[in-house]
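Note: the block below is protein19.tsv and it holds TSV, C-alpha atoms.
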chain	number	residue	atom	x	y	z
Z	1	ARG	CA	-60.92	-65.67	62.78
Z	2	LEU	CA	-57.51	-66.74	64.06
Z	3	ALA	CA	-56.76	-68.61	60.85
Z	4	ARG	CA	-57.69	-65.58	58.73
Z	5	ARG	CA	-55.32	-63.35	60.68
Z	6	LEU	CA	-52.38	-65.68	60.17
Z	7	THR	CA	-50.21	-65.64	57.08
Z	8	PRO	CA	-49.91	-68.63	54.67
Z	9	PRO	CA	-47.55	-71.48	55.56
Z	10	LEU	CA	-43.83	-71.29	54.83
Z	11	ALA	CA	-42.23	-72.52	51.61
Z	12	PRO	CA	-41.74	-76.32	51.23
Z	13	ALA	CA	-38.09	-76.17	52.25
Z	14	ALA	CA	-38.95	-74.43	55.51
Z	15	ALA	CA	-42.03	-76.64	56.07
Z	16	ARG	CA	-39.89	-79.77	55.97
Z	17	ALA	CA	-37.73	-78.31	58.73
Z	18	LEU	CA	-40.85	-77.95	60.82
Z	19	GLY	CA	-41.98	-81.51	60.26
Z	20	ALA	CA	-41.28	-82.50	63.83
Z	21	VAL	CA	-43.95	-80.05	64.97
Z	22	MET	CA	-46.39	-80.13	62.07
Z	23	ASP	CA	-46.81	-83.94	62.10
Z	24	LYS	CA	-47.87	-84.09	65.73
Z	25	ASP	CA	-51.33	-83.51	67.17
Z	26	CYS	CA	-52.01	-80.48	69.28
Z	27	PRO	CA	-51.39	-81.42	72.95
Z	28	ASN	CA	-54.12	-79.01	74.03
Z	29	CYS	CA	-57.09	-79.96	71.80
Z	30	GLY	CA	-55.84	-83.01	69.88
Z	31	ALA	CA	-56.36	-81.45	66.43
Z	32	ASN	CA	-53.74	-81.63	63.68
Z	33	SER	CA	-54.22	-78.27	62.02
Z	34	TRP	CA	-51.14	-76.06	62.22
Z	35	VAL	CA	-50.31	-72.79	60.51
Z	36	THR	CA	-47.10	-70.75	60.58
Z	37	GLN	CA	-47.30	-67.13	61.64
Z	38	GLN	CA	-44.35	-65.67	59.72
Z	39	SER	CA	-44.38	-62.24	61.38
Z	40	ALA	CA	-43.60	-63.78	64.78
Z	41	GLY	CA	-42.06	-67.11	63.70
Z	42	ASP	CA	-44.67	-69.13	65.60
Z	43	VAL	CA	-46.41	-72.42	64.71
Z	44	VAL	CA	-50.00	-72.08	65.97
Z	45	CYS	CA	-52.89	-74.50	66.19
Z	46	THR	CA	-55.85	-73.10	64.21
Z	47	SER	CA	-58.37	-74.88	66.44
Z	48	CYS	CA	-57.44	-73.58	69.87
Z	49	GLY	CA	-54.59	-71.11	69.28
Z	50	PHE	CA	-51.96	-73.19	71.11
Z	51	VAL	CA	-48.39	-72.18	70.15
Z	52	GLY	CA	-46.51	-75.36	69.29
Z	53	GLU	CA	-43.20	-73.68	68.43
Z	54	ALA	CA	-41.99	-70.09	68.85
Z	55	SER	CA	-39.33	-67.79	67.38
Z	56	LEU	CA	-38.49	-69.87	64.32
Z	57	ILE	CA	-36.12	-68.52	61.69
Z	58	ASP	CA	-37.44	-68.22	58.13
Z	59	GLU	CA	-34.60	-69.26	55.82
Z	60	THR	CA	-36.52	-68.83	52.58
Z	61	ALA	CA	-36.06	-66.04	50.04
Z	62	GLU	CA	-37.09	-62.51	50.96
Z	63	TRP	CA	-39.45	-61.65	48.11
Z	64	ARG	CA	-39.16	-57.89	48.14
Z	65	SER	CA	-37.62	-55.59	45.55
Z	66	PHE	CA	-34.81	-53.26	46.68
Z	67	SER	CA	-34.29	-51.73	43.25
Z	68	ASP	CA	-34.77	-48.01	42.56
Z	69	LYS	CA	-37.01	-48.91	39.62
Z	70	SER	CA	-40.70	-49.13	40.38
Z	71	ASN	CA	-41.29	-51.91	37.84
Z	72	ALA	CA	-38.37	-54.09	38.97
Z	73	VAL	CA	-38.96	-57.82	38.74
Z	74	ASP	CA	-35.69	-59.03	40.21
Z	75	MET	CA	-36.38	-59.69	43.89
Z	76	ASN	CA	-32.89	-60.90	44.76
Z	77	ARG	CA	-30.61	-58.87	47.00
Z	78	VAL	CA	-26.89	-59.61	46.85
Z	79	GLY	CA	-23.77	-57.66	47.85
Z	80	ALA	CA	-23.26	-54.17	49.23
Z	81	PRO	CA	-25.66	-51.31	48.42
Z	82	ILE	CA	-24.98	-49.22	45.32
Z	83	ASN	CA	-22.91	-46.11	46.02
Z	84	SER	CA	-23.43	-43.24	43.58
Z	85	LEU	CA	-19.98	-41.83	44.42
Z	86	LEU	CA	-18.26	-44.92	42.95
Z	87	ASP	CA	-17.89	-45.85	39.30
Z	88	LYS	CA	-20.72	-48.14	38.18
Z	89	GLY	CA	-22.27	-47.80	41.61
Z	90	GLY	CA	-19.38	-49.61	43.28
Z	91	ILE	CA	-19.95	-52.87	41.43
Z	92	SER	CA	-16.43	-53.95	40.53
Z	93	GLY	CA	-17.50	-56.80	38.24
Z	94	THR	CA	-15.69	-60.10	37.84
Z	95	SER	CA	-12.19	-61.10	38.89
Z	96	ILE	CA	-9.63	-63.19	37.06
Z	97	ALA	CA	-8.90	-66.51	38.77
Z	98	LYS	CA	-5.29	-67.39	39.58
Z	99	GLY	CA	-3.51	-70.67	38.99
Z	100	LYS	CA	-1.45	-72.59	41.53
Z	101	ASP	CA	1.58	-70.48	40.65
Z	102	GLY	CA	-0.32	-67.26	41.36
Z	103	ARG	CA	-0.58	-66.28	37.69
Z	104	SER	CA	-3.54	-65.95	35.36
Z	105	ALA	CA	-2.40	-68.41	32.72
Z	106	GLY	CA	-3.38	-67.24	29.24
Z	107	PHE	CA	-5.08	-64.10	30.52
Z	108	ALA	CA	-2.12	-61.91	31.54
Z	109	ASN	CA	-3.16	-58.89	29.46
Z	110	LEU	CA	-6.79	-59.20	30.49
Z	111	ASP	CA	-5.83	-59.43	34.15
Z	112	ARG	CA	-3.58	-56.39	33.83
Z	113	TYR	CA	-6.37	-54.36	32.21
Z	114	HIS	CA	-8.82	-55.48	34.89
Z	115	GLN	CA	-6.49	-54.36	37.68
Z	116	GLN	CA	-5.97	-50.95	36.05
Z	117	SER	CA	-9.69	-50.39	35.56
Z	118	THR	CA	-10.49	-51.04	39.22
Z	119	THR	CA	-7.58	-49.14	40.79
Z	120	VAL	CA	-9.48	-45.84	41.05
Z	121	ASN	CA	-12.50	-47.45	42.65
Z	122	ARG	CA	-10.29	-49.40	45.04
Z	123	GLY	CA	-8.55	-46.25	46.26
Z	124	VAL	CA	-11.85	-44.48	46.79
Z	125	GLN	CA	-13.30	-47.48	48.62
Z	126	ASP	CA	-10.28	-47.60	50.93
Z	127	GLY	CA	-10.86	-43.94	51.76
Z	128	PHE	CA	-14.56	-44.50	52.33
Z	129	ARG	CA	-13.84	-47.34	54.74
Z	130	ALA	CA	-11.30	-45.23	56.63
Z	131	ILE	CA	-13.81	-42.37	56.94
Z	132	SER	CA	-16.49	-44.75	58.21
Z	133	HIS	CA	-14.13	-46.16	60.86
Z	134	MET	CA	-13.14	-42.66	62.02
Z	135	ALA	CA	-16.77	-41.55	62.19
Z	136	GLU	CA	-17.65	-44.63	64.21
Z	137	LYS	CA	-14.95	-43.81	66.76
Z	138	LEU	CA	-16.25	-40.24	67.01
Z	139	SER	CA	-19.91	-41.38	67.21
Z	140	LEU	CA	-20.85	-39.42	64.09
Z	141	GLY	CA	-24.00	-40.11	62.10
Z	142	GLN	CA	-24.44	-41.11	58.48
Z	143	GLN	CA	-24.85	-37.52	57.25
Z	144	PHE	CA	-21.30	-36.72	58.39
Z	145	ILE	CA	-19.97	-39.83	56.65
Z	146	ASN	CA	-21.77	-38.99	53.40
Z	147	ARG	CA	-20.48	-35.43	53.38
Z	148	ALA	CA	-16.90	-36.50	54.14
Z	149	GLN	CA	-16.99	-39.20	51.46
Z	150	GLU	CA	-18.23	-36.70	48.92
Z	151	ILE	CA	-15.33	-34.37	49.74
Z	152	PHE	CA	-12.87	-37.28	49.59
Z	153	LYS	CA	-14.09	-38.24	46.11
Z	154	LYS	CA	-13.47	-34.67	44.91
Z	155	ALA	CA	-10.02	-34.70	46.50
Z	156	GLN	CA	-9.17	-37.93	44.69
Z	157	GLU	CA	-10.36	-36.64	41.33
Z	158	SER	CA	-8.45	-33.36	41.69
Z	159	LYS	CA	-5.21	-35.15	42.71
Z	160	VAL	CA	-5.02	-33.19	45.97
Z	161	ALA	CA	-4.65	-36.44	47.91
Z	162	LYS	CA	-1.66	-37.58	45.84
Z	163	GLY	CA	1.48	-37.88	47.95
Z	164	ARG	CA	-0.38	-37.59	51.25
Z	165	SER	CA	-1.20	-40.33	53.71
Z	166	LEU	CA	-4.68	-41.81	53.47
Z	167	ASP	CA	-5.37	-41.16	57.17
Z	168	ALA	CA	-4.46	-37.47	56.86
Z	169	VAL	CA	-6.67	-36.93	53.81
Z	170	CYS	CA	-9.61	-38.84	55.29
Z	171	GLY	CA	-9.23	-37.01	58.58
Z	172	ALA	CA	-9.21	-33.65	56.77
Z	173	CYS	CA	-12.33	-34.60	54.78
Z	174	LEU	CA	-14.14	-35.65	57.95
Z	175	TYR	CA	-13.06	-32.42	59.66
Z	176	ILE	CA	-14.51	-30.37	56.79
Z	177	GLY	CA	-17.66	-32.49	56.74
Z	178	CYS	CA	-18.26	-31.92	60.44
Z	179	ARG	CA	-17.91	-28.16	60.02
Z	180	LEU	CA	-20.24	-28.11	57.03
Z	181	GLU	CA	-22.82	-30.05	59.05
Z	182	GLY	CA	-22.59	-27.54	61.90
Z	183	ASN	CA	-21.08	-29.95	64.45
Z	184	PRO	CA	-17.32	-29.34	64.33
Z	185	ARG	CA	-14.62	-31.52	65.83
Z	186	THR	CA	-11.13	-30.41	66.78
Z	187	PHE	CA	-7.98	-31.55	65.01
Z	188	ASN	CA	-6.97	-33.42	68.15
Z	189	GLU	CA	-10.22	-35.40	68.11
Z	190	ILE	CA	-9.81	-36.22	64.42
Z	191	CYS	CA	-6.20	-37.30	64.89
Z	192	ALA	CA	-7.17	-39.52	67.82
Z	193	ALA	CA	-9.63	-41.33	65.53
Z	194	THR	CA	-7.00	-41.98	62.83
Z	195	GLN	CA	-4.43	-44.74	62.92
Z	196	SER	CA	-1.25	-42.83	62.18
Z	197	ALA	CA	-1.93	-39.20	61.11
Z	198	ASP	CA	-0.68	-36.35	63.27
Z	199	LYS	CA	-2.16	-32.88	63.68
Z	200	GLN	CA	0.27	-31.24	61.27
Z	201	ALA	CA	-0.47	-33.70	58.45
Z	202	VAL	CA	-4.23	-33.37	58.86
Z	203	SER	CA	-3.98	-29.57	59.00
Z	204	LYS	CA	-1.94	-29.42	55.79
Z	205	ALA	CA	-4.35	-31.76	54.00
Z	206	TYR	CA	-7.27	-29.66	55.22
Z	207	LYS	CA	-5.80	-26.44	53.83
Z	208	ALA	CA	-4.96	-28.06	50.47
Z	209	ILE	CA	-8.43	-29.59	50.07
Z	210	LEU	CA	-10.17	-26.38	51.11
Z	211	LYS	CA	-8.10	-24.39	48.62
Z	212	LYS	CA	-8.95	-26.83	45.81
Z	213	LEU	CA	-12.66	-26.80	46.63
Z	214	GLN	CA	-12.58	-23.00	46.60
Z	215	SER	CA	-10.93	-22.92	43.17
Z	216	GLU	CA	-13.55	-25.33	41.79
Z	217	LEU	CA	-16.31	-23.17	43.25
Z	218	ASP	CA	-14.80	-20.05	41.65
Z	219	SER	CA	-14.55	-21.79	38.26
Z	220	GLU	CA	-18.22	-22.76	38.45
Z	221	GLY	CA	-19.07	-19.15	39.23
Z	222	GLY	CA	-21.77	-19.59	41.82
Z	223	GLY	CA	-22.56	-19.97	45.48
Z	224	PRO	CA	-20.85	-18.52	48.54
Z	225	GLY	CA	-17.15	-19.00	49.14
Z	226	MET	CA	-15.97	-22.31	50.53
Z	227	GLN	CA	-14.54	-20.64	53.61
Z	228	LYS	CA	-17.93	-19.04	54.22
Z	229	GLN	CA	-19.67	-22.41	53.86
Z	230	VAL	CA	-17.24	-24.04	56.28
Z	231	GLY	CA	-17.63	-21.07	58.59
Z	232	ILE	CA	-15.42	-19.53	61.26
Z	233	LEU	CA	-15.30	-21.50	64.48
Z	234	SER	CA	-16.59	-19.89	67.65
Z	235	PRO	CA	-16.84	-21.13	71.26
Z	236	LYS	CA	-20.60	-21.57	70.85
Z	237	ASP	CA	-20.04	-24.38	68.30
Z	238	TYR	CA	-18.67	-26.63	71.05
Z	239	ILE	CA	-20.91	-25.66	73.98
Z	240	ARG	CA	-23.83	-28.04	73.45
Z	241	ARG	CA	-21.61	-31.09	72.92
Z	242	LEU	CA	-19.48	-30.38	76.00
Z	243	CYS	CA	-22.54	-29.84	78.18
Z	244	SER	CA	-24.09	-33.04	76.87
Z	245	GLN	CA	-21.00	-35.05	77.75
Z	246	LEU	CA	-20.98	-33.48	81.22
Z	247	GLN	CA	-24.73	-34.23	81.56
Z	248	TYR	CA	-25.70	-30.65	82.35
Z	249	PRO	CA	-29.43	-29.74	82.18
Z	250	ASN	CA	-30.81	-27.61	79.36
Z	251	VAL	CA	-30.87	-24.42	81.43
Z	252	VAL	CA	-27.09	-24.63	81.87
Z	253	VAL	CA	-26.65	-25.25	78.14
Z	254	LEU	CA	-28.67	-22.14	77.26
Z	255	CYS	CA	-26.76	-20.04	79.75
Z	256	CYS	CA	-23.41	-21.23	78.39
Z	257	GLU	CA	-24.51	-20.45	74.83
Z	258	LYS	CA	-25.60	-16.94	75.84
Z	259	ALA	CA	-22.27	-16.40	77.55
Z	260	ALA	CA	-20.42	-17.70	74.47
Z	261	GLU	CA	-22.30	-15.24	72.25
Z	262	GLN	CA	-21.32	-12.36	74.55
Z	263	VAL	CA	-17.70	-13.51	74.59
Z	264	THR	CA	-17.60	-13.47	70.79
Z	265	GLN	CA	-19.37	-10.11	70.46
Z	266	ARG	CA	-17.13	-8.38	73.01
Z	267	GLY	CA	-13.92	-9.92	71.70
Z	268	ILE	CA	-13.06	-11.57	75.01
Z	269	SER	CA	-10.34	-14.22	74.65
Z	270	SER	CA	-10.30	-13.60	70.90
Z	271	SER	CA	-6.72	-14.85	70.64
Z	272	ARG	CA	-7.61	-18.19	72.23
Z	273	VAL	CA	-8.57	-21.42	70.46
Z	274	PRO	CA	-12.41	-21.67	70.41
Z	275	ILE	CA	-12.49	-25.08	72.10
Z	276	SER	CA	-10.40	-23.72	74.98
Z	277	VAL	CA	-12.75	-20.76	75.47
Z	278	ALA	CA	-15.78	-23.06	75.26
Z	279	ALA	CA	-14.35	-25.34	77.94
Z	280	ALA	CA	-13.63	-22.34	80.17
Z	281	ILE	CA	-17.19	-21.04	79.71
Z	282	VAL	CA	-18.70	-24.40	80.62
Z	283	TYR	CA	-16.50	-24.62	83.72
Z	284	PHE	CA	-17.14	-20.97	84.67
Z	285	VAL	CA	-20.93	-21.21	84.33
Z	286	GLY	CA	-21.01	-24.66	85.93
Z	287	LYS	CA	-19.50	-23.27	89.14
Z	288	MET	CA	-22.63	-21.15	89.60
Z	289	THR	CA	-24.94	-24.16	89.60
Z	290	SER	CA	-25.91	-26.37	92.51
Z	291	SER	CA	-23.98	-29.32	91.04
Z	292	PRO	CA	-20.79	-28.01	89.39
Z	293	ARG	CA	-18.43	-30.31	87.52
Z	294	GLU	CA	-14.81	-30.63	88.51
Z	295	ILE	CA	-12.24	-28.97	86.31
Z	296	ASP	CA	-10.68	-32.36	85.58
Z	297	GLN	CA	-14.01	-33.56	84.17
Z	298	VAL	CA	-14.25	-30.55	81.86
Z	299	SER	CA	-10.65	-31.08	80.81
Z	300	ALA	CA	-11.27	-34.75	80.01
Z	301	VAL	CA	-14.24	-34.15	77.68
Z	302	SER	CA	-12.77	-31.09	75.96
Z	303	GLY	CA	-9.13	-32.12	75.61
Z	304	VAL	CA	-8.00	-28.77	77.05
Z	305	SER	CA	-5.59	-28.72	79.97
Z	306	ALA	CA	-6.94	-27.83	83.39
Z	307	GLY	CA	-4.42	-24.98	83.71
Z	308	THR	CA	-5.64	-23.32	80.51
Z	309	ILE	CA	-9.29	-23.66	81.54
Z	310	LYS	CA	-8.65	-22.13	84.95
Z	311	LEU	CA	-6.55	-19.31	83.46
Z	312	ILE	CA	-9.24	-18.25	80.98
Z	313	ALA	CA	-12.07	-18.61	83.48
Z	314	ASN	CA	-10.42	-16.64	86.29
Z	315	ASP	CA	-8.44	-14.01	84.38
Z	316	GLU	CA	-10.58	-13.35	81.28
Z	317	LEU	CA	-14.17	-14.37	82.04
Z	318	ALA	CA	-14.57	-13.55	85.73
Z	319	PRO	CA	-13.89	-9.75	85.37
Z	320	ASP	CA	-16.83	-9.50	82.90
Z	321	GLN	CA	-19.21	-11.86	84.68
Z	322	ASP	CA	-22.04	-9.30	84.92
Z	323	LYS	CA	-21.84	-8.73	81.15
Z	324	LEU	CA	-21.74	-12.40	80.25
Z	325	ILE	CA	-24.51	-13.70	82.53
Z	326	SER	CA	-27.65	-11.71	83.30
Z	327	ASP	CA	-29.27	-11.68	86.73
Z	328	ALA	CA	-32.32	-13.53	85.39
Z	329	MET	CA	-30.17	-16.32	83.97
Z	330	LEU	CA	-28.11	-16.45	87.16
Z	331	ALA	CA	-31.29	-16.95	89.18
Z	332	LYS	CA	-32.28	-19.88	86.96
Z	333	LEU	CA	-28.90	-21.53	87.49
Z	334	LYS	CA	-29.37	-21.49	91.24
Would you write out, as structure tokens, the structure that this file holds?
Amino acid sequence: RLARRLTPPLAPAAARALGAVMDKDCPNCGANSWVTQQSAGDVVCTSCGFVGEASLIDETAEWRSFSDKSNAVDMNRVGAPINSLLDKGGISGTSIAKGKDGRSAGFANLDRYHQQSTTVNRGVQDGFRAISHMAEKLSLGQQFINRAQEIFKKAQESKVAKGRSLDAVCGACLYIGCRLEGNPRTFNEICAATQSADKQAVSKAYKAILKKLQSELDSEGGGPGMQKQVGILSPKDYIRRLCSQLQYPNVVVLCCEKAAEQVTQRGISSSRVPISVAAAIVYFVGKMTSSPREIDQVSAVSGVSAGTIKLIANDELAPDQDKLISDAMLAKLK
């Protein structure tokens, strides 16, 4: 039964590497009947189940098809995955070899044509890599990267990115992608993830890209406006992330979100930046709990100065405390 459960032996190349084990008798029962269990990388005696070698690496080919076609026969897997946003799926083709002098002897025209044909893809790939690096620094998932890369491709095709720094354009695309995915980041957070772009450059790129996307949407004649899709930021958009970074329990998160909704409906602190109001709400509600967070902790995770947080909490939120937090919610906090 043990032999039937095990998979067939490895390929000849891998079996030769295991010769030191396979040629010896089992030290437990004396039999010379070994089989390789590929799922675990173990060499097991079929007579008694003794494990002669463990955690071996299978260096043979991986005979699985990774093609989109169901009837694919090519089982090889080489290079990066195909990206539908790139020309020809991102497969750049061949390259022209250089001589010792750095020139392509006899193929100058061909080399020049090859460089021109891959310039567009190269620029898009550079942008995609920059977006991936920014998203990694901000701990953003793949859906944010995909959305930002899609926007960047449109910006490249419409020439909006021409004359602007790559970091600013990529930062603006990631900023739009985060808002479209319902998990916005501030300009300060985006700029901190870039290498050289400042807030002004990212903001200008954002407005230009948003305007171009809106014009394309109008020309297609369908769907809601781009500004409506991106949405208007409110303090509630930042509450859950701030509370998570401060490790507040779910009851505090729900209370902060209710307070943020009341702040928006009543127009309290309407002239303030949403992230500043959100930080003040988290600090204000947190003071009512049994384990409040220090104002410096709230300032560190939100990027808002402690003075601004204290000013909004004491002068703008505290006078309307009974309207922002119900008695039932206040009892749960305590």
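Using all atoms listed in the file, the smallest distance between any of Z:Leu166, Z:Glu216, Z:Gln143, Z:Ser158 and Glu181 of chain Z comes from Z:Gln143.
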task = Grab the atom CA of Val252 of chain Z to atom CA of Ser305 of chain Z distance for me, in Å with one decimal place.
result = 22.0 Å
query = Hey, what's within 9 Å of Asn188 of chain Z if we count all atoms listed in the file and toss same-chain stuff fewer than 5 positions away? As a PyMOL selection string, please?
reply = chain Z and resi 193+198-199+303
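Compared by their closest atoms to Ser299 of chain Z, and using only C-alpha atoms, the residues Z:Ile275, Z:Glu257, Z:Lys236, Z:Ile190 rank with Z:Ile275 nearest.
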Name all residues at most 12 Å from Arg266 of chain Z (count all atoms listed in the file; drop same-chain ones fewer than 5 positions away) and give them as a PDB file with C-alpha atoms, in the coordinates of the input.
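What landed in result20.pdb:
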ATOM      1  CA  ALA Z 259     -22.270 -16.400  77.550  1.00  0.00           C
ATOM      2  CA  ALA Z 260     -20.420 -17.700  74.470  1.00  0.00           C
ATOM      3  CA  GLU Z 261     -22.300 -15.240  72.250  1.00  0.00           C
ATOM      4  CA  GLU Z 316     -10.580 -13.350  81.280  1.00  0.00           C
ATOM      5  CA  LEU Z 317     -14.170 -14.370  82.040  1.00  0.00           C
ATOM      6  CA  ASP Z 320     -16.830  -9.500  82.900  1.00  0.00           C
ATOM      7  CA  LYS Z 323     -21.840  -8.730  81.150  1.00  0.00           C
ATOM      8  CA  LEU Z 324     -21.740 -12.400  80.250  1.00  0.00           C
TER       9      LEU Z 324
END
query = Hey, can you check how far atom CA of Leu213 of chain Z sits from atom CA of Ile145 of chain Z?
reply =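 These atoms are spaced 18.0 Å apart.
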Å distance separating atom CA of Ala54 of chain Z from atom CA of Asp42 of chain Z, one decimal place =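 Atom-to-atom, atom CA of Ala54 of chain Z and atom CA of Asp42 of chain Z are spaced 4.3 Å apart.
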request  = Compile the contact shell of Ile312 of chain Z as a PyMOL selection string: residues with an atom at most 10 Å away, counting only C-alpha atoms, same-chain residues fewer than 4 positions apart removed.
outcome  = chain Z and resi 268-269+272+276-281+284+307-308+316-318
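With distances restricted to only C-alpha atoms, Z:Arg241 is the closest residue to Asn183 of chain Z from Z:Lys287, Z:Arg241, Z:Lys212, Z:Arg293.
Minimum atom-to-atom distance to Val263 of chain Z, evaluated using all atoms listed in the file, belongs to Z:Asp322 out of Z:Asp322, Z:Glu150, Z:Asp25, Z:Glu136.
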message = For Arg179 of chain Z, find every residue with an atom within 12 Å (counting only C-alpha atoms), except residues of its own chain fewer than 2 positions away, and show them as a PyMOL selection string.
response = chain Z and resi 143-144+147-148+172-177+181-187+206+210+226-234+237-238
message = Just want the 10 Å neighbourhood of segment 125-133 of chain Z, counted on all atoms listed in the file, with same-chain residues fewer than 2 positions away dropped. Output as a PyMOL selection string.
response = chain Z and resi 85-86+90+119-123+135-142+144-146+148-150+152-153+156+166-167+169-174+193-195
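Of the residues listed (Z:Asp315, Z:Glu294, Z:Asp23, Z:Asp327), Z:Glu294 shows the shortest atom-to-atom separation from Val282 of chain Z; distances use only C-alpha atoms.
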